[in-house]
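Trainee: Just run_36.txt, nothing more (compact mmCIF, C-alpha atoms):
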# COMPACT_ATOMS: atom_id res chain seq x y z
CA MET P 280 26.38 -49.46 -22.25
CA ASP P 281 29.84 -48.08 -23.15
CA ASN P 282 29.30 -45.16 -20.78
CA ARG P 283 28.38 -47.49 -17.93
CA SER P 284 31.34 -49.72 -18.70
CA SER P 285 33.78 -46.79 -18.65
CA THR P 286 32.29 -45.52 -15.35
CA LEU P 287 32.70 -48.99 -13.85
CA ASN P 288 36.30 -49.12 -15.07
CA LYS P 289 37.07 -45.73 -13.49
CA ARG P 290 35.57 -46.86 -10.19
CA LEU P 291 37.50 -50.11 -10.37
CA ASN P 292 40.75 -48.22 -10.94
CA THR P 293 39.98 -45.91 -7.99
CA ASP P 294 39.27 -48.97 -5.81
CA ARG P 295 42.58 -50.54 -6.88
CA VAL P 296 44.54 -47.39 -5.98
CA ILE P 297 42.78 -47.03 -2.59
CA THR P 298 43.34 -50.74 -1.83
CA LEU P 299 47.04 -50.49 -2.64
CA ILE P 300 47.51 -47.30 -0.58
CA VAL P 301 45.74 -48.81 2.46
CA ALA P 302 47.76 -52.06 2.04
CA PHE P 303 51.06 -50.12 2.14
CA LEU P 304 49.75 -48.10 5.09
CA MET P 305 49.01 -51.37 6.91
CA ILE P 306 52.54 -52.66 6.19
CA PHE P 307 53.93 -49.40 7.62
CA VAL P 308 51.67 -49.67 10.72
CA ALA P 309 52.78 -53.30 11.19
CA ALA P 310 56.45 -52.30 11.01
CA VAL P 311 55.88 -49.50 13.55
CA GLN P 312 54.02 -51.88 15.90
CA PHE P 313 56.71 -54.59 15.68
CA ILE P 314 59.44 -52.00 16.36
CA SER P 315 57.36 -50.73 19.30
CA PHE P 316 57.08 -54.32 20.60
CA ALA P 317 60.83 -54.84 20.25
CA LYS P 318 61.44 -51.69 22.32
CA SER P 319 58.76 -51.99 25.00
CA SER P 320 57.68 -55.69 24.90
CA ASP P 321 54.08 -54.45 24.88
CA THR P 322 51.81 -57.37 23.88
CA LEU P 323 49.18 -54.92 22.59
CA ALA P 324 51.71 -53.83 19.96
CA ILE P 325 52.20 -57.43 18.76
CA ARG P 326 48.40 -57.84 18.56
CA ARG P 327 48.09 -54.66 16.47
CA GLY P 328 51.10 -55.70 14.37
CA ILE P 329 49.57 -59.10 13.53
CA HIS P 330 46.23 -57.50 12.66
CA SER P 331 48.02 -55.02 10.38
CA VAL P 332 50.05 -57.76 8.61
CA PHE P 333 46.95 -59.85 7.93
CA SER P 334 44.99 -56.76 6.85
CA ALA P 335 47.79 -55.95 4.39
CA ILE P 336 47.73 -59.55 3.02
CA ALA P 337 43.92 -59.42 2.62
CA LEU P 338 44.15 -56.03 0.87
CA ILE P 339 46.89 -57.24 -1.49
CA LEU P 340 44.73 -60.27 -2.38
CA LEU P 341 41.82 -57.87 -2.95
CA TYR P 342 44.06 -55.75 -5.21
CA ILE P 343 44.99 -58.86 -7.26
CA GLY P 344 41.27 -59.67 -7.62
CA LEU P 345 40.37 -56.12 -8.69
CA ARG P 346 43.21 -56.12 -11.24
CA ARG P 347 41.95 -59.41 -12.68
CA ILE P 348 38.40 -58.02 -12.96
CA ALA P 349 39.77 -54.94 -14.75
CA VAL P 350 41.70 -57.15 -17.23
CA THR P 351 39.04 -59.81 -17.93
CA GLY P 352 35.94 -57.67 -17.33
CA LYS P 353 34.34 -60.63 -15.56
CA PRO P 354 33.85 -60.46 -11.77
CA PHE P 355 32.33 -63.93 -11.55
CA ASP P 356 35.32 -66.11 -12.19
CA ASP P 357 36.92 -69.19 -10.56
CA LYS P 358 40.03 -67.19 -9.61
CA ILE P 359 37.98 -64.41 -8.00
CA VAL P 360 36.07 -67.01 -5.96
CA ASN P 361 39.37 -68.56 -4.82
CA LEU P 362 40.79 -65.12 -3.98
CA LEU P 363 37.69 -64.28 -1.89
CA ARG P 364 38.09 -67.59 -0.04
CA ALA P 365 41.76 -66.81 0.57
CA ILE P 366 40.79 -63.34 1.88
CA ALA P 367 38.19 -64.93 4.21
CA ILE P 368 40.76 -67.41 5.59
CA THR P 369 43.37 -64.63 5.97
CA ILE P 370 40.94 -62.45 7.96
CA MET P 371 39.88 -65.38 10.20
CA VAL P 372 43.48 -66.48 10.85
CA GLY P 373 44.45 -62.85 11.53
CA GLY P 374 41.62 -62.61 14.04
CA PHE P 375 42.50 -65.79 15.93
CA LEU P 376 46.32 -65.58 15.80
CA PRO P 377 47.13 -62.87 18.42
CA PRO P 378 46.31 -65.04 21.51
CA PHE P 379 48.60 -67.80 20.16
CA ALA P 380 51.35 -65.24 19.45
CA GLU P 381 51.00 -63.84 22.98
CA GLY P 382 51.13 -67.39 24.40
CA PHE P 383 54.28 -68.11 22.39
CA ILE P 384 55.85 -64.85 23.61
CA ASN P 385 55.07 -65.95 27.19
CA ILE P 386 56.99 -69.20 26.58
CA VAL P 387 59.96 -67.23 25.20
CA ARG P 388 59.87 -65.06 28.31
CA GLY P 389 59.92 -68.19 30.48
CA SER P 390 56.28 -68.08 31.55
CA GLU P 391 53.54 -70.64 30.92
CA PHE P 392 51.75 -70.99 27.57
CA VAL P 393 48.42 -69.30 28.27
CA LEU P 394 45.75 -68.78 25.62
CA ASN P 395 43.53 -65.81 26.34
CA PHE P 396 40.69 -65.90 23.83
CA GLY P 397 38.73 -63.32 25.79
CA ASP P 398 40.65 -60.50 24.11
CA ILE P 399 39.71 -61.57 20.58
CA ASP P 400 37.80 -58.91 18.70
CA ILE P 401 34.86 -61.04 17.54
CA PHE P 402 34.16 -58.71 14.59
CA ILE P 403 37.38 -59.74 12.82
CA PRO P 404 36.59 -63.48 12.45
CA LEU P 405 32.98 -62.48 11.72
CA ALA P 406 34.19 -60.30 8.83
CA GLY P 407 36.08 -63.38 7.54
CA VAL P 408 32.90 -65.48 7.70
CA ILE P 409 30.96 -62.78 5.79
CA VAL P 410 33.63 -62.66 3.04
CA GLY P 411 33.52 -66.50 2.91
CA ILE P 412 29.76 -66.40 2.40
CA LEU P 413 30.23 -63.74 -0.29
CA SER P 414 32.59 -66.11 -2.11
CA GLU P 415 29.81 -68.72 -2.20
CA ILE P 416 27.46 -66.10 -3.68
CA PHE P 417 30.13 -65.49 -6.34
CA VAL P 418 30.02 -69.24 -7.20
CA TYR P 419 26.31 -68.78 -7.98
CA GLY P 420 27.15 -65.62 -9.94
CA LYS P 421 29.73 -67.58 -11.96
CA ASP P 422 27.04 -70.11 -12.97
CA LEU P 423 24.74 -67.26 -14.04
CA GLN P 424 27.58 -65.64 -16.01
CA GLU P 425 28.31 -68.91 -17.83
CA ASP P 426 24.59 -69.22 -18.68
CA ASN P 427 24.50 -65.62 -19.92
CA ASP P 428 27.59 -66.18 -22.08
CA LEU P 429 25.64 -68.86 -23.98
CA ILE P 430 22.90 -66.42 -25.00
CA ALA P 431 23.55 -64.60 -28.30
CA MET E 163 11.90 -81.58 -29.50
CA ALA E 164 14.15 -78.63 -30.24
CA ILE E 165 14.46 -75.19 -31.77
CA ILE E 166 16.83 -75.18 -34.73
CA ILE E 167 18.55 -72.08 -36.08
CA ARG E 168 18.31 -71.94 -39.89
CA LEU E 169 20.77 -69.12 -40.24
CA ASP E 170 22.96 -70.92 -42.80
CA ARG E 171 20.01 -71.37 -45.17
CA MET E 172 19.00 -67.69 -44.98
CA MET E 173 22.60 -66.56 -45.37
CA ALA E 174 22.97 -68.74 -48.47
CA ASP E 175 19.70 -67.33 -49.90
CA ARG E 176 20.91 -63.76 -49.36
CA LYS E 177 24.46 -64.67 -50.47
CA MET E 178 25.82 -63.15 -47.28
CA SER E 179 28.99 -64.31 -45.57
CA LEU E 180 29.35 -64.89 -41.84
CA ASN E 181 31.75 -61.96 -41.50
CA GLU E 182 29.42 -59.64 -43.38
CA LEU E 183 26.42 -60.61 -41.24
CA ALA E 184 28.44 -60.36 -38.01
CA GLU E 185 29.48 -56.85 -38.97
CA LYS E 186 25.90 -55.80 -39.82
CA VAL E 187 24.46 -57.32 -36.62
CA GLY E 188 27.27 -56.07 -34.38
CA MET E 189 28.28 -59.48 -33.10
CA THR E 190 31.65 -61.21 -33.08
CA ASN E 191 32.29 -63.89 -35.73
CA VAL E 192 32.77 -66.45 -32.98
CA ASN E 193 29.41 -65.70 -31.34
CA LEU E 194 27.57 -65.72 -34.67
CA SER E 195 29.29 -68.96 -35.68
CA ASN E 196 28.27 -70.51 -32.34
CA LEU E 197 24.70 -69.35 -32.92
CA LYS E 198 24.72 -70.78 -36.45
CA THR E 199 25.98 -74.17 -35.31
CA GLY E 200 23.48 -74.38 -32.45
CA LYS E 201 26.01 -74.11 -29.65
CA MET E 202 24.14 -71.23 -27.98
CA LYS E 203 21.42 -71.77 -25.38
CA GLY E 204 19.30 -68.82 -26.46
CA ILE E 205 18.97 -65.64 -28.46
CA ARG E 206 17.91 -62.15 -27.34
CA PHE E 207 15.02 -60.38 -29.12
CA GLU E 208 17.51 -57.57 -29.77
CA THR E 209 19.88 -59.94 -31.63
CA LEU E 210 17.01 -61.61 -33.49
CA ASP E 211 15.73 -58.18 -34.55
CA ALA E 212 19.19 -57.18 -35.84
CA ILE E 213 19.57 -60.46 -37.77
CA CYS E 214 16.09 -60.09 -39.30
CA ASP E 215 16.96 -56.51 -40.30
CA ALA E 216 20.24 -57.59 -41.88
CA LEU E 217 18.76 -60.58 -43.74
CA ASP E 218 15.43 -58.86 -44.46
CA CYS E 219 13.40 -61.77 -43.16
CA GLN E 220 11.02 -62.82 -40.37
CA PRO E 221 12.03 -64.65 -37.14
CA GLY E 222 10.15 -67.70 -38.42
CA ASP E 223 12.52 -67.88 -41.39
CA ILE E 224 15.45 -68.31 -38.98
CA LEU E 225 13.94 -70.40 -36.19
CA GLU E 226 12.41 -73.83 -36.70
CA HIS E 227 10.74 -76.12 -34.20
CA THR E 228 11.22 -79.89 -34.60
CA LYS E 229 9.56 -82.76 -32.69
Please express what this file holds, its structure, as structure tokens.

Mentor:
Amino acid sequence: MDNRSSTLNKRLNTDRVITLIVAFLMIFVAAVQFISFAKSSDTLAIRRGIHSVFSAIALILLYIGLRRIAVTGKPFDDKIVNLLRAIAITIMVGGFLPPFAEGFINIVRGSEFVLNFGDIDIFIPLAGVIVGILSEIFVYGKDLQEDNDLIA
Amino acid sequence: MAIIIRLDRMMADRKMSLNELAEKVGMTNVNLSNLKTGKMKGIRFETLDAICDALDCQPGDILEHTK
């Protein structure tokens, strides 16, 4: 049991480090994309920049969740459920935001506000929905954990 | 209708304190106290076996069914 617990802890620590590295990488990519947009006014850069920012937010939330699991040792917790919901909403908003941002940029440039939802990568909001469903599974897991805690 | 834990009676018979039993069984004082006061929903065979070993008794000496 102790062996398994220490293996899980090592894996959790590795996951935390990877999450943090990728989050910082995403922040760097976002900065590069926004600078690229400022220089060339390429709307693809703003789309990539927004995706990177929201990916970084989701990864930071994931890091907070992993840190909490490492401290408490309990993955099925109210805070973890709320964090998963926040990650799901972040991913969905990040998926749907680029057309609005492009429309807003069009207004700034003096054009009409046009929403082009055809360019949305459908897998991004879908990933958000899957994480949202996972959070509901964690609610069930929390109930089971509470039940298990009452068995000596 | 309920199952009652008679741990306090057995502990008194064996003149064993809660701390001593918790140490022998490998449980925390809080968990054992919760078990003793009937706050737990259930008990694992593994725990019951350890308690019976420590108190040198049978499961029937610890568990009681009431109507």

Trainee: Could you tell me which residues of chain P sit within 9 Å of chain E when counting only C-alpha atoms, and give me the result as number ranges by chain?

Mentor: P: 426-431

Trainee: So, counting only C-alpha atoms, which residue among E:Gly222, E:Ala164, E:Ile213, E:Ala174 is closest to Lys186 in chain E?

Mentor: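 Comparing E:Gly222, E:Ala164, E:Ile213, E:Ala174 against Lys186 in chain E, the winner is E:Ile213.
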
Trainee: Please list as a ChimeraX atom specification every residue within 6 Å of range 407-416 of chain P, counting only C-alpha atoms and excluding residues in the same chain fewer than 4 positions away.

Mentor: /P:360,363-364,367,370-371

Trainee: So, with all atoms listed in the file as the atoms that count, which of E:Asp215, E:Lys229, E:Val192, E:Gln220 lies closest to Arg168 in chain E?

Mentor: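 Of the candidates, the smallest distance to Arg168 in chain E is held by E:Gln220.
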
Trainee: Would you mind listing what lies within 12 Å of Ser285 in chain P as a list of chain:residue names, with only C-alpha atoms counted and same-chain residues fewer than 6 positions away left out?

Mentor: P:Leu291, P:Asn292, P:Ala349, P:Gly352

Trainee: Which is closer to Leu299 in chain P than all the others in P:Ser334, P:Asn385, P:Gln312, P:Thr369, using only C-alpha atoms?

Mentor: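 Distance minimum relative to Leu299 in chain P lands on P:Ser334.
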
Trainee: Neighbouring residues of range 392-395 of chain P were defined as those with any atom within 7 Å, considering all atoms listed in the file; residues of the same chain fewer than 5 positions away were excluded. Please report them as a PyMOL selection string.

Mentor: chain P and resi 378-379+382-383+385-386

Trainee: Expressed in Å to a single decimal, how great is the separation between CA of Ile339 in chain P and CA of Phe375 in chain P?

Mentor: 19.9 Å

Trainee: Return the single residue from E:Ile224, E:Leu183, E:Cys219, E:Cys214 that is closest to Leu169 in chain E, with distances computed using only C-alpha atoms.

Mentor: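 Of E:Ile224, E:Leu183, E:Cys219, E:Cys214, the one nearest Leu169 in chain E is E:Ile224, counting only C-alpha atoms.
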
Trainee: Would you mind listing what lies within 7 Å of Ile167 in chain E as a VMD selection string, with only C-alpha atoms counted and same-chain residues fewer than 2 positions away left out?

Mentor: chain E and resid 165 169 198 200 224 to 226

Trainee: Quick check, in Å to one decimal: how far apart do CA of Met173 in chain E and CA of His227 in chain E lie?

Mentor: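 Taking CA of Met173 in chain E and CA of His227 in chain E, their separation equals 18.9 Å.
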
Trainee: Calculate how many Å separate CA of Ile306 in chain P from CA of Tyr342 in chain P, rounding to one decimal.

Mentor: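 Straight-line distance from CA of Ile306 in chain P to CA of Tyr342 in chain P works out to 14.5 Å.
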